[in-house]
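Trainee: To be precise about what I am sending: the file is called query-v8.cif and holds mmCIF, C-alpha atoms.
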```cif
data_target
#
loop_
_atom_site.label_atom_id
_atom_site.label_comp_id
_atom_site.auth_asym_id
_atom_site.auth_seq_id
_atom_site.Cartn_x
_atom_site.Cartn_y
_atom_site.Cartn_z
CA MET A 1 -38.58 55.38 65.14
CA SER A 2 -39.75 55.04 68.75
CA ASP A 3 -37.92 52.68 71.08
CA GLY A 4 -40.89 50.35 71.38
CA THR A 5 -41.22 49.83 67.61
CA TYR A 6 -37.43 49.38 67.32
CA VAL A 7 -37.40 46.58 69.89
CA GLN A 8 -40.42 44.90 68.32
CA LEU A 9 -39.08 45.08 64.76
CA LEU A 10 -35.64 43.82 65.84
CA ASP A 11 -37.21 40.89 67.67
CA LEU A 12 -39.44 40.18 64.67
CA ALA A 13 -36.43 40.05 62.33
CA CYS A 14 -34.54 37.76 64.74
CA GLY A 15 -37.60 35.53 65.05
CA GLY A 16 -37.69 35.33 61.26
CA LEU A 17 -34.04 34.27 61.17
CA LEU A 18 -34.56 31.55 63.75
CA LEU A 19 -37.79 30.28 62.17
CA THR A 20 -36.28 30.02 58.68
CA ALA A 21 -33.23 28.19 60.07
CA VAL A 22 -35.50 25.59 61.70
CA LEU A 23 -37.68 25.34 58.55
CA MET A 24 -34.57 24.44 56.58
CA LEU A 25 -34.17 21.38 58.80
CA TRP A 26 -37.81 20.46 58.36
CA ARG A 27 -38.19 20.70 54.55
CA ARG A 28 -36.62 18.08 52.31
CA GLU A 29 -37.51 19.40 48.83
CA LEU A 30 -34.32 21.13 47.69
CA SER A 31 -36.23 23.88 45.86
CA ALA A 32 -38.25 24.62 49.03
CA ILE A 33 -35.01 24.80 51.02
CA ILE A 34 -33.68 27.42 48.60
CA GLY A 35 -36.93 29.40 48.96
CA VAL A 36 -36.56 29.35 52.75
CA PHE A 37 -32.95 30.46 52.35
CA ALA A 38 -34.09 33.48 50.31
CA ALA A 39 -36.65 34.30 53.04
CA GLN A 40 -33.84 34.21 55.59
CA GLY A 41 -31.88 36.66 53.45
CA ILE A 42 -34.87 39.03 53.62
CA ALA A 43 -35.02 38.64 57.42
CA LEU A 44 -31.29 39.40 57.69
CA ALA A 45 -31.64 42.49 55.48
CA THR A 46 -34.60 43.64 57.61
CA LEU A 47 -32.50 43.23 60.75
CA VAL A 48 -29.72 45.41 59.32
CA GLY A 49 -32.28 47.90 57.99
CA VAL A 50 -33.86 48.23 61.45
CA LEU A 51 -30.42 48.79 63.00
CA ALA A 52 -29.70 51.41 60.31
CA ALA A 53 -32.98 53.25 60.95
CA HIS A 54 -32.37 53.19 64.72
CA GLN A 55 -28.86 54.66 64.37
CA GLY A 56 -29.87 57.00 61.53
CA SER A 57 -26.92 55.68 59.49
CA ALA A 58 -27.25 55.93 55.69
CA GLU A 59 -24.13 53.77 55.28
CA LEU A 60 -25.71 50.89 57.17
CA GLY A 61 -28.89 51.38 55.10
CA ALA A 62 -26.84 50.91 51.91
CA VAL A 63 -25.35 47.73 53.44
CA ALA A 64 -28.90 46.46 54.10
CA VAL A 65 -29.80 46.96 50.43
CA GLY A 66 -26.59 45.14 49.42
CA ILE A 67 -27.43 42.22 51.73
CA LEU A 68 -30.93 42.05 50.30
CA SER A 69 -29.67 41.80 46.72
CA LEU A 70 -26.89 39.30 47.53
CA ARG A 71 -28.58 36.97 50.02
CA ALA A 72 -32.17 37.14 48.81
CA GLY A 73 -31.34 37.59 45.11
CA ILE A 74 -27.98 36.47 43.74
CA LEU A 75 -27.22 33.50 46.00
CA PRO A 76 -30.67 31.85 45.73
CA TRP A 77 -30.55 32.42 41.97
CA LEU A 78 -27.15 30.67 41.77
CA LEU A 79 -28.51 27.78 43.85
CA HIS A 80 -31.60 27.49 41.64
CA ARG A 81 -29.40 27.31 38.57
CA ALA A 82 -27.28 24.61 40.21
CA LEU A 83 -30.48 22.70 41.04
CA ALA A 84 -31.85 23.02 37.50
CA GLY A 85 -28.67 21.44 36.17
CA ALA A 86 -28.82 18.63 38.71
CA GLY A 87 -31.38 16.49 36.89
CA PRO A 88 -34.18 14.52 38.51
CA ALA A 89 -32.68 14.16 42.00
CA ARG A 90 -34.47 17.06 43.73
CA ARG A 91 -34.94 15.74 47.24
CA GLU A 92 -32.72 15.39 50.24
CA THR A 93 -33.02 11.61 50.53
CA ARG A 94 -31.82 9.75 53.57
CA PRO A 95 -30.25 12.51 55.68
CA VAL A 96 -27.94 11.02 58.33
CA VAL A 97 -30.29 12.24 61.09
CA ASN A 98 -34.07 12.08 60.43
CA VAL A 99 -36.30 15.15 60.50
CA ALA A 100 -37.83 14.67 63.97
CA ALA A 101 -34.43 14.14 65.56
CA SER A 102 -33.07 17.16 63.64
CA LEU A 103 -35.81 19.39 65.08
CA LEU A 104 -35.03 18.16 68.59
CA ALA A 105 -31.35 18.81 67.95
CA ALA A 106 -32.24 22.35 66.81
CA ALA A 107 -34.02 22.94 70.13
CA LEU A 108 -30.98 21.70 72.05
CA LEU A 109 -28.64 23.85 69.95
CA THR A 110 -30.79 26.90 70.70
CA LEU A 111 -30.56 26.25 74.44
CA LEU A 112 -26.81 25.72 74.12
CA SER A 113 -26.27 28.97 72.28
CA TYR A 114 -28.29 30.95 74.86
CA ALA A 115 -26.11 29.39 77.55
CA VAL A 116 -22.76 30.13 75.90
CA SER A 117 -23.68 33.66 74.76
CA GLN A 118 -24.35 34.97 78.26
CA PRO A 119 -20.89 36.60 78.70
CA LEU A 120 -21.31 38.35 75.34
CA VAL A 121 -24.61 39.90 76.41
CA ALA A 122 -23.22 40.82 79.83
CA LEU A 123 -20.41 42.80 78.17
CA GLU A 124 -22.81 45.47 76.89
CA PRO A 125 -26.49 44.74 77.66
CA SER A 126 -28.73 46.33 75.00
CA THR A 127 -31.59 45.27 72.74
CA ALA A 128 -29.17 44.44 69.91
CA THR A 129 -26.73 42.38 71.95
CA ARG A 130 -29.56 40.44 73.63
CA ALA A 131 -30.26 39.03 70.16
CA ILE A 132 -26.72 37.62 69.74
CA PRO A 133 -27.81 34.09 70.84
CA VAL A 134 -30.12 33.97 67.78
CA GLY A 135 -27.13 34.53 65.49
CA VAL A 136 -25.13 31.86 67.30
CA THR A 137 -28.08 29.44 67.00
CA VAL A 138 -28.24 29.99 63.23
CA VAL A 139 -24.49 29.25 63.03
CA LEU A 140 -24.90 26.02 65.01
CA ILE A 141 -27.94 24.89 62.97
CA GLY A 142 -25.99 25.60 59.78
CA PHE A 143 -23.11 23.48 61.06
CA PHE A 144 -25.62 20.72 61.88
CA VAL A 145 -27.08 20.84 58.34
CA LEU A 146 -23.57 20.73 56.88
CA ALA A 147 -22.65 17.68 58.95
CA THR A 148 -25.82 15.61 58.49
CA ARG A 149 -26.94 16.17 54.87
CA ARG A 150 -25.75 14.07 51.96
CA ARG A 151 -26.55 16.17 48.88
CA ALA A 152 -23.87 18.56 47.68
CA LEU A 153 -26.48 21.32 47.36
CA SER A 154 -27.83 20.89 50.90
CA GLN A 155 -24.28 21.07 52.24
CA LEU A 156 -23.85 24.30 50.31
CA VAL A 157 -27.04 25.65 51.91
CA GLY A 158 -25.73 24.58 55.34
CA PHE A 159 -22.55 26.56 54.75
CA LEU A 160 -24.55 29.63 53.69
CA LEU A 161 -26.77 29.24 56.76
CA MET A 162 -23.66 29.34 58.95
CA ASP A 163 -22.56 32.42 57.11
CA ASN A 164 -25.91 34.17 57.63
CA GLY A 165 -25.56 33.46 61.35
CA ILE A 166 -22.03 34.87 61.45
CA THR A 167 -23.15 38.01 59.60
CA THR A 168 -25.98 38.42 62.11
CA VAL A 169 -23.56 38.19 65.04
CA GLY A 170 -21.24 40.62 63.24
CA PHE A 171 -23.93 43.27 62.83
CA LEU A 172 -25.33 42.85 66.33
CA THR A 173 -21.88 43.26 67.91
CA THR A 174 -20.10 45.80 65.69
CA ALA A 175 -23.02 48.05 64.84
CA GLY A 176 -21.54 51.01 62.97
CA VAL A 177 -18.36 49.71 61.29
CA GLY A 178 -20.35 47.41 59.04
CA LEU A 179 -19.55 48.48 55.48
CA THR A 180 -15.99 47.20 55.01
CA VAL A 181 -16.60 44.09 57.10
CA GLU A 182 -19.75 43.16 55.20
CA LEU A 183 -18.18 43.95 51.82
CA GLY A 184 -15.19 41.69 52.53
CA VAL A 185 -17.33 38.90 53.94
CA SER A 186 -19.88 39.05 51.11
CA LEU A 187 -17.21 38.96 48.41
CA ASP A 188 -15.60 35.98 50.12
CA VAL A 189 -18.91 34.17 50.39
CA LEU A 190 -19.69 34.82 46.75
CA LEU A 191 -16.26 33.54 45.77
CA ALA A 192 -16.58 30.42 47.94
CA VAL A 193 -20.01 29.69 46.46
CA LEU A 194 -18.69 30.09 42.93
CA VAL A 195 -15.82 27.70 43.73
CA LEU A 196 -18.22 25.16 45.24
CA ARG A 197 -20.60 25.48 42.29
CA ILE A 198 -17.81 24.88 39.79
CA LEU A 199 -16.75 21.85 41.82
CA ALA A 200 -20.33 20.58 42.06
CA SER A 201 -20.73 20.76 38.28
CA ARG A 202 -17.39 19.00 37.79
CA MET A 203 -18.54 16.39 40.28
CA ARG A 204 -21.63 15.79 38.16
CA GLU A 205 -19.46 15.40 35.09
CA THR A 206 -17.23 12.82 36.74
CA PHE A 207 -19.58 11.05 39.18
CA GLY A 208 -22.90 11.45 37.37
CA ASP A 209 -24.78 12.66 40.47
CA THR A 210 -24.12 14.87 43.46
CA ASP A 211 -24.84 12.38 46.20
CA LEU A 212 -21.88 12.68 48.51
CA ASP A 213 -22.13 9.02 49.46
CA GLU A 214 -20.53 8.42 46.09
CA LEU A 215 -17.39 10.11 47.35
CA ARG A 216 -15.81 7.03 48.80
CA GLU A 217 -12.57 6.75 46.91
CA LEU A 218 -10.52 8.69 49.44
CA HIS A 219 -10.66 7.59 53.05
CA ASP A 220 -8.34 6.06 55.64
CA MET B 1 15.23 48.37 54.50
CA THR B 2 12.62 46.68 56.71
CA THR B 3 9.91 47.88 54.33
CA VAL B 4 11.63 46.26 51.34
CA LEU B 5 12.25 43.04 53.27
CA LEU B 6 8.62 42.94 54.42
CA LEU B 7 7.06 43.80 51.06
CA SER B 8 9.14 41.58 48.80
CA PRO B 9 7.82 38.19 50.06
CA VAL B 10 4.32 39.33 49.02
CA LEU B 11 5.18 41.39 45.94
CA ALA B 12 7.62 38.95 44.27
CA PRO B 13 4.98 36.18 43.83
CA VAL B 14 2.34 38.76 42.83
CA LEU B 15 4.64 40.00 40.05
CA GLY B 16 5.37 36.38 39.10
CA ALA B 17 1.63 35.71 38.84
CA LEU B 18 1.20 38.80 36.63
CA VAL B 19 3.97 37.63 34.29
CA PHE B 20 2.34 34.21 34.00
CA LEU B 21 -1.01 35.88 33.35
CA LEU B 22 0.43 37.96 30.51
CA ALA B 23 3.12 35.72 29.00
CA GLY B 24 1.86 32.24 29.84
CA TRP B 25 3.94 29.16 30.54
CA ARG B 26 6.77 28.78 28.02
CA PRO B 27 10.44 27.75 28.14
CA ALA B 28 11.48 31.35 28.88
CA THR B 29 9.20 31.61 31.94
CA ALA B 30 9.56 28.02 33.17
CA TRP B 31 12.04 28.92 35.91
CA LEU B 32 10.27 32.13 36.98
CA SER B 33 8.34 30.34 39.75
CA ALA B 34 11.58 29.09 41.28
CA VAL B 35 13.15 32.56 41.05
CA SER B 36 10.22 34.17 42.87
CA ALA B 37 10.23 31.45 45.56
CA ALA B 38 13.98 32.00 45.97
CA LEU B 39 13.31 35.73 46.44
CA VAL B 40 10.74 34.91 49.13
CA LEU B 41 13.30 32.70 50.89
CA ALA B 42 16.04 35.33 50.62
CA ALA B 43 13.76 38.05 52.00
CA ALA B 44 12.68 35.69 54.80
CA ILE B 45 16.29 35.08 55.81
CA GLY B 46 16.88 38.84 55.69
CA ASP B 47 13.83 39.38 57.91
CA ALA B 48 15.07 36.74 60.37
CA VAL B 49 18.51 38.40 60.59
CA GLU B 50 16.88 41.80 61.11
CA VAL B 51 14.52 40.49 63.82
CA ALA B 52 17.42 38.77 65.60
CA ALA B 53 19.43 42.01 65.52
CA THR B 54 16.83 44.71 66.25
CA GLY B 55 13.58 42.98 67.27
CA PRO B 56 10.15 43.05 65.56
CA GLY B 57 9.70 45.51 62.68
CA THR B 58 6.66 46.97 60.92
CA ALA B 59 5.92 48.42 57.49
CA LEU B 60 3.10 50.19 55.60
CA ALA B 61 1.95 52.19 58.63
CA GLY B 62 1.75 49.09 60.78
CA LEU B 63 -0.20 46.89 58.35
CA LEU B 64 2.65 44.38 58.05
CA ARG B 65 4.64 43.17 61.02
CA VAL B 66 7.46 40.68 61.36
CA ASP B 67 8.52 39.02 64.60
CA ALA B 68 10.51 35.88 65.37
CA LEU B 69 7.59 33.50 64.70
CA SER B 70 6.54 35.09 61.41
CA ALA B 71 10.18 35.19 60.20
CA PHE B 72 10.47 31.47 60.97
CA MET B 73 7.18 30.67 59.19
CA LEU B 74 8.27 32.79 56.22
CA ILE B 75 11.53 30.79 55.97
CA VAL B 76 9.51 27.56 56.01
CA ILE B 77 7.19 28.89 53.26
CA GLY B 78 10.16 30.07 51.17
CA ALA B 79 12.09 26.79 51.56
CA VAL B 80 9.15 24.50 50.78
CA GLY B 81 8.04 26.81 47.95
CA LEU B 82 11.55 26.79 46.47
CA LEU B 83 11.77 22.98 46.57
CA ALA B 84 8.34 22.59 44.97
CA THR B 85 8.84 25.22 42.27
CA ALA B 86 12.35 23.94 41.44
CA ALA B 87 10.82 20.56 40.62
CA THR B 88 7.97 22.13 38.62
CA PRO B 89 9.57 22.72 35.15
CA ALA B 90 10.63 19.07 34.78
CA HIS B 91 7.29 17.85 36.16
CA LEU B 92 5.19 20.04 33.85
CA ALA B 93 7.33 19.13 30.81
CA ALA B 94 6.82 15.43 31.56
CA GLU B 95 3.06 15.91 32.07
CA ILE B 96 2.74 17.79 28.78
CA GLN B 97 4.70 15.08 27.00
CA ALA B 98 2.44 12.40 28.50
CA GLY B 99 -0.61 14.34 27.32
CA ARG B 100 -2.01 14.90 30.84
CA ALA B 101 -1.42 18.66 30.70
CA SER B 102 -1.26 21.41 28.11
CA PRO B 103 0.60 24.75 28.09
CA ARG B 104 -2.72 26.27 29.16
CA THR B 105 -3.09 24.14 32.28
CA ALA B 106 0.63 24.63 32.98
CA THR B 107 0.08 28.40 32.89
CA ARG B 108 -2.85 28.10 35.27
CA HIS B 109 -0.87 25.87 37.62
CA SER B 110 2.07 28.32 37.75
CA LEU B 111 -0.25 31.30 38.20
CA LEU B 112 -2.11 29.64 41.08
CA VAL B 113 1.13 28.57 42.80
CA GLN B 114 2.40 32.16 42.70
CA ALA B 115 -0.89 33.49 44.08
CA PHE B 116 -0.75 30.83 46.81
CA LEU B 117 2.79 31.89 47.80
CA ALA B 118 1.75 35.56 47.96
CA ALA B 119 -1.33 34.80 50.10
CA MET B 120 0.67 32.61 52.51
CA ALA B 121 3.36 35.28 52.90
CA LEU B 122 0.67 37.92 53.55
CA ALA B 123 -0.98 35.65 56.14
CA VAL B 124 2.17 35.32 58.26
CA LEU B 125 3.16 39.00 57.85
CA ALA B 126 -0.24 40.59 58.56
CA ALA B 127 -0.34 42.70 61.72
CA ASP B 128 -4.14 42.76 61.88
CA LEU B 129 -6.37 39.74 62.51
CA GLY B 130 -8.84 40.93 59.84
CA VAL B 131 -6.14 41.03 57.14
CA LEU B 132 -4.84 37.67 58.39
CA TRP B 133 -8.32 36.18 57.97
CA ILE B 134 -8.70 37.52 54.43
CA ALA B 135 -5.25 36.15 53.46
CA ILE B 136 -6.07 32.67 54.81
CA GLU B 137 -9.41 32.72 52.97
CA ALA B 138 -7.49 33.60 49.79
CA THR B 139 -5.16 30.62 50.24
CA THR B 140 -8.22 28.35 50.60
CA ILE B 141 -9.80 29.54 47.36
CA VAL B 142 -6.54 29.37 45.38
CA THR B 143 -5.64 25.89 46.59
CA ALA B 144 -9.16 24.60 45.89
CA PHE B 145 -8.40 25.03 42.19
CA LEU B 146 -4.89 23.57 42.62
CA VAL B 147 -6.24 20.42 44.31
CA GLY B 148 -8.91 19.84 41.67
CA GLN B 149 -6.62 20.66 38.77
CA ARG B 150 -6.74 17.29 37.06
CA ARG B 151 -10.40 16.55 36.61
CA THR B 152 -10.25 12.90 37.62
CA ARG B 153 -12.68 11.37 40.11
CA SER B 154 -10.25 11.41 43.01
CA ALA B 155 -9.09 15.00 42.25
CA VAL B 156 -12.66 16.36 42.18
CA GLU B 157 -13.55 14.40 45.32
CA ALA B 158 -10.48 15.68 47.15
CA ALA B 159 -11.18 19.26 46.07
CA TRP B 160 -14.83 19.11 47.25
CA LYS B 161 -13.91 17.71 50.65
CA TYR B 162 -11.02 20.16 51.00
CA VAL B 163 -13.18 23.20 50.20
CA VAL B 164 -16.08 22.16 52.44
CA ILE B 165 -13.83 21.47 55.43
CA CYS B 166 -11.63 24.55 54.93
CA SER B 167 -14.43 27.03 54.29
CA THR B 168 -16.31 25.76 57.36
CA GLY B 169 -13.17 26.18 59.44
CA ILE B 170 -12.52 29.64 58.07
CA ALA B 171 -16.17 30.64 58.68
CA LEU B 172 -15.83 29.62 62.34
CA ALA B 173 -12.58 31.60 62.48
CA LEU B 174 -14.50 34.63 61.20
CA LEU B 175 -17.04 34.21 64.02
CA GLY B 176 -14.14 34.09 66.49
CA THR B 177 -12.56 37.18 64.93
CA LEU B 178 -15.83 39.13 65.18
CA LEU B 179 -16.32 38.14 68.82
CA LEU B 180 -12.70 39.01 69.64
CA ASN B 181 -13.20 42.40 68.00
CA TYR B 182 -16.32 42.93 70.14
CA ALA B 183 -14.47 41.96 73.31
CA ALA B 184 -11.44 44.10 72.39
CA ARG B 185 -13.62 47.20 71.92
CA HIS B 186 -14.74 46.86 75.54
CA THR B 187 -11.19 46.59 76.85
CA PRO B 188 -9.70 49.87 78.05
CA GLY B 189 -6.81 51.11 75.91
CA SER B 190 -7.09 48.47 73.19
CA SER B 191 -6.76 49.02 69.44
CA GLY B 192 -9.18 46.66 67.70
CA LEU B 193 -7.73 43.60 66.00
CA ASP B 194 -4.09 44.67 65.91
CA LEU B 195 -2.08 41.65 67.10
CA ALA B 196 0.48 43.56 69.16
CA GLY B 197 -2.27 45.71 70.71
CA LEU B 198 -4.32 42.63 71.59
CA VAL B 199 -1.35 41.03 73.36
CA ALA B 200 -0.59 44.27 75.22
CA SER B 201 -4.18 44.68 76.47
CA ALA B 202 -4.76 40.98 77.18
CA THR B 203 -4.29 41.35 80.94
CA ARG B 204 -6.89 44.13 81.15
CA SER B 205 -9.69 42.34 79.31
CA THR B 206 -12.58 40.86 81.28
CA PRO B 207 -12.22 37.16 82.07
CA GLY B 208 -15.10 34.90 80.93
#
```
Let me see the structure of the file written as structure tokens.
Mentor:
Amino acid sequence: MSDGTYVQLLDLACGGLLLTAVLMLWRRELSAIIGVFAAQGIALATLVGVLAAHQGSAELGAVAVGILSLRAGILPWLLHRALAGAGPARRETRPVVNVAASLLAAALLTLLSYAVSQPLVALEPSTATRAIPVGVTVVLIGFFVLATRRRALSQLVGFLLMDNGITTVGFLTTAGVGLTVELGVSLDVLLAVLVLRILASRMRETFGDTDLDELRELHD
Amino acid sequence: MTTVLLLSPVLAPVLGALVFLLAGWRPATAWLSAVSAALVLAAAIGDAVEVAATGPGTALAGLLRVDALSAFMLIVIGAVGLLATAATPAHLAAEIQAGRASPRTATRHSLLVQAFLAAMALAVLAADLGVLWIAIEATTIVTAFLVGQRRTRSAVEAAWKYVVICSTGIALALLGTLLLNYAARHTPGSSGLDLAGLVASATRSTPG
């Protein structure tokens, strides 16, 4: 692949990551949020695939296929199943911060991450490392979703968004050693999601719904 | 000798967990948890004596490492674990009698406690930040099930909050680990995420 196409494809994949992260703040239908999450998984797999093609590494290519099946296949499927069991409550009602303010916050978080990532880019300036701020932005937006949403499922999506961002940063910085890192991280994510899903279904059994405002028995 | 002292705090609870997995919780195995916690404590004291006499030691080709801090933390884990597991047989018997637990949930409780002990011991003994991260993640997952063991409202609520807060924290720690790895690779003469290597090359890394 020529250098020009490599740069363009890498930027396209990073743009996809950033766009899907912002879309997740904008949409309030939970099923649409899961769809956007699957699209982000595809963008992440494309990013790794482009890196693999550029380095001519078959190992990294296999990792890209693994990411595609886990983050665009298995995880969205698990979330859909959780949603199907959740009954009629399919919308993120009353988030703590409204949509317009969330979008403004996303813009501020993007600026912030470009500011704090400068030393990381300066360490080894290249096309891949110049995209690190995008990964950091996705992490920050995920943290924002986690902190401001009230549905158990949207919090789960926020956590996964953070994780997508961290994986992005991981691949942009440690290009080459990916397989073991990604395998460990993916297994952990899958395990954490399974734990959270079990808890969410238990929560439905005991609380009737998964609105986290119901969780008021334990506080100072 | 160091290898035995370093491996036993991790292996004793793993073996305990295997026994609980195969034999289940019964009068014969009721005190097994306490025995394995006592082994952890004994090995921790042995490690502390060894560190005081000859300085930090390593095992398994440098995968495990004990220094003064990790020996101290290991003693704390062993002591607290011993106290908790020594109280467990009476507690579980009373719970079963009151109908709030069954031999099945008692088995699961004992199994999870053993796995928790092993993961904690591995976390303080790991010589590599990557292994350390995996061990701490393992403690989070195991304790999530321990916290939510009784399926009452407050138990499920506590477990949900615990898992969300801990897995967010551990995810941020992973980001930090990845960035540290990136910075360490650009430091002359450094060896990745090895703790001793990171300390040794700290003065040569670029500031800011």
Trainee: Could you work out how far atom CA of Leu30 of chain A lies from atom CA of Leu44 of chain A, giving the answer in Å with one decimal?
Mentor: 21.0 Å
Trainee: Mind telling me what the PyMOL selection byres ((chain B and resi 85-97) around 10) catches here, as a PyMOL selection string?
Mentor: chain B and resi 25-27+29-38+79-84+98-103+105-107+109-110+113-114
Trainee: If I take atom CA of Ser117 of chain A and atom CA of Ile132 of chain A, how far is one from the other in Å, to one decimal?
Mentor: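 A separation of 7.1 Å between them.
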Trainee: Expanded to explicit residues, what is the PyMOL selection byres ((chain B) within 7 of (chain A)) for this file, as a short mmCIF file (atom, residue, chain, number, x, y, z; two decimals) with C-alpha atoms, in the frame of the given file?
Mentor:
```cif
data_model
loop_
_atom_site.label_atom_id
_atom_site.label_comp_id
_atom_site.auth_asym_id
_atom_site.auth_seq_id
_atom_site.Cartn_x
_atom_site.Cartn_y
_atom_site.Cartn_z
CA ILE B 141 -9.80 29.54 47.36
CA ARG B 153 -12.68 11.37 40.11
CA SER B 154 -10.25 11.41 43.01
CA VAL B 156 -12.66 16.36 42.18
CA GLU B 157 -13.55 14.40 45.32
CA TRP B 160 -14.83 19.11 47.25
CA THR B 168 -16.31 25.76 57.36
CA ALA B 171 -16.17 30.64 58.68
CA LEU B 175 -17.04 34.21 64.02
CA LEU B 178 -15.83 39.13 65.18
CA TYR B 182 -16.32 42.93 70.14
CA GLY B 208 -15.10 34.90 80.93
#
```
Trainee: How many Å separate atom CA of Val22 of chain A from atom CA of Leu103 of chain A?
Mentor: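 Answer for the atom CA of Val22 of chain A to atom CA of Leu103 of chain A separation: 7.1 Å.
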Trainee: Please provide as number ranges by chain all residues within 8 Å of Thr177 of chain B, with the sequence filter that same-chain residues fewer than 4 positions apart are discarded (counting all atoms listed in the file).
Mentor: B: 129-130, 173, 181
Trainee: At a cut-off of 8 Å, using all atoms listed in the file, what residues contact Trp133 of chain B? Leave out same-chain residues fewer than 6 positions from it and give the result as a PyMOL selection string.
Mentor: chain B and resi 123+170+173-174
Trainee: Restrict the selected residues to C-alpha atoms and save them as a tab-separated table (two decimals), in the frame of the given file.
Mentor:
```tsv
chain	number	residue	atom	x	y	z
B	123	ALA	CA	-0.98	35.65	56.14
B	170	ILE	CA	-12.52	29.64	58.07
B	173	ALA	CA	-12.58	31.60	62.48
B	174	LEU	CA	-14.50	34.63	61.20
```
Trainee: Evaluate the PyMOL selection byres ((chain A and resi 42) around 9) here and jot the selected residues down as a list of chain:residue names.
Mentor: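 This file, filtered by the PyMOL selection byres ((chain A and resi 42) around 9), leaves A:Ala13, A:Gly16, A:Leu17, A:Phe37, A:Ala38, A:Ala39, A:Gln40, A:Gly41, A:Ala43, A:Leu44, A:Ala45, A:Thr46, A:Leu47, A:Ile67, A:Leu68, A:Arg71, A:Ala72.
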Trainee: Find the residues near Ile34 of chain A: any atom within 9 Å, counting only C-alpha atoms, skip ones fewer than 4 places away on the same chain, and give them as a ChimeraX atom specification.
Mentor: /A:24,29-30,38-39,76-77,79-80,157
Trainee: Which residues are near Ser201 of chain B? Cut-off 8 Å, only C-alpha atoms, ignore same chain within fewer than 2 positions. Put them as an MDAnalysis selection string.
Mentor: chainID B and resid 187:190 197:199 203:205
Trainee: Would you kindly return, as a PyMOL selection string, each protein, DNA or RNA residue with an atom no farther than 8 Å from any atom of Phe72 of chain B, considering only C-alpha atoms and excluding same-chain residues fewer than 4 positions away?
Mentor: chain B and resi 44+48+68+76
Trainee: Identify which of the residues B:Ala158, B:Ile75, B:Ile165, B:Ile136 lies closest to Gly46 of chain B, counting all atoms listed in the file when measuring atom-to-atom distances.
Mentor: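 Answer, going by the shortest atom-to-atom distance: B:Ile75.
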Trainee: So, with only C-alpha atoms as the atoms that count, which of A:Leu19, A:Ala128, A:Ala105, A:Ala82 lies closest to Gln55 of chain A?
Mentor: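 The closest residue to Gln55 of chain A is A:Ala128.
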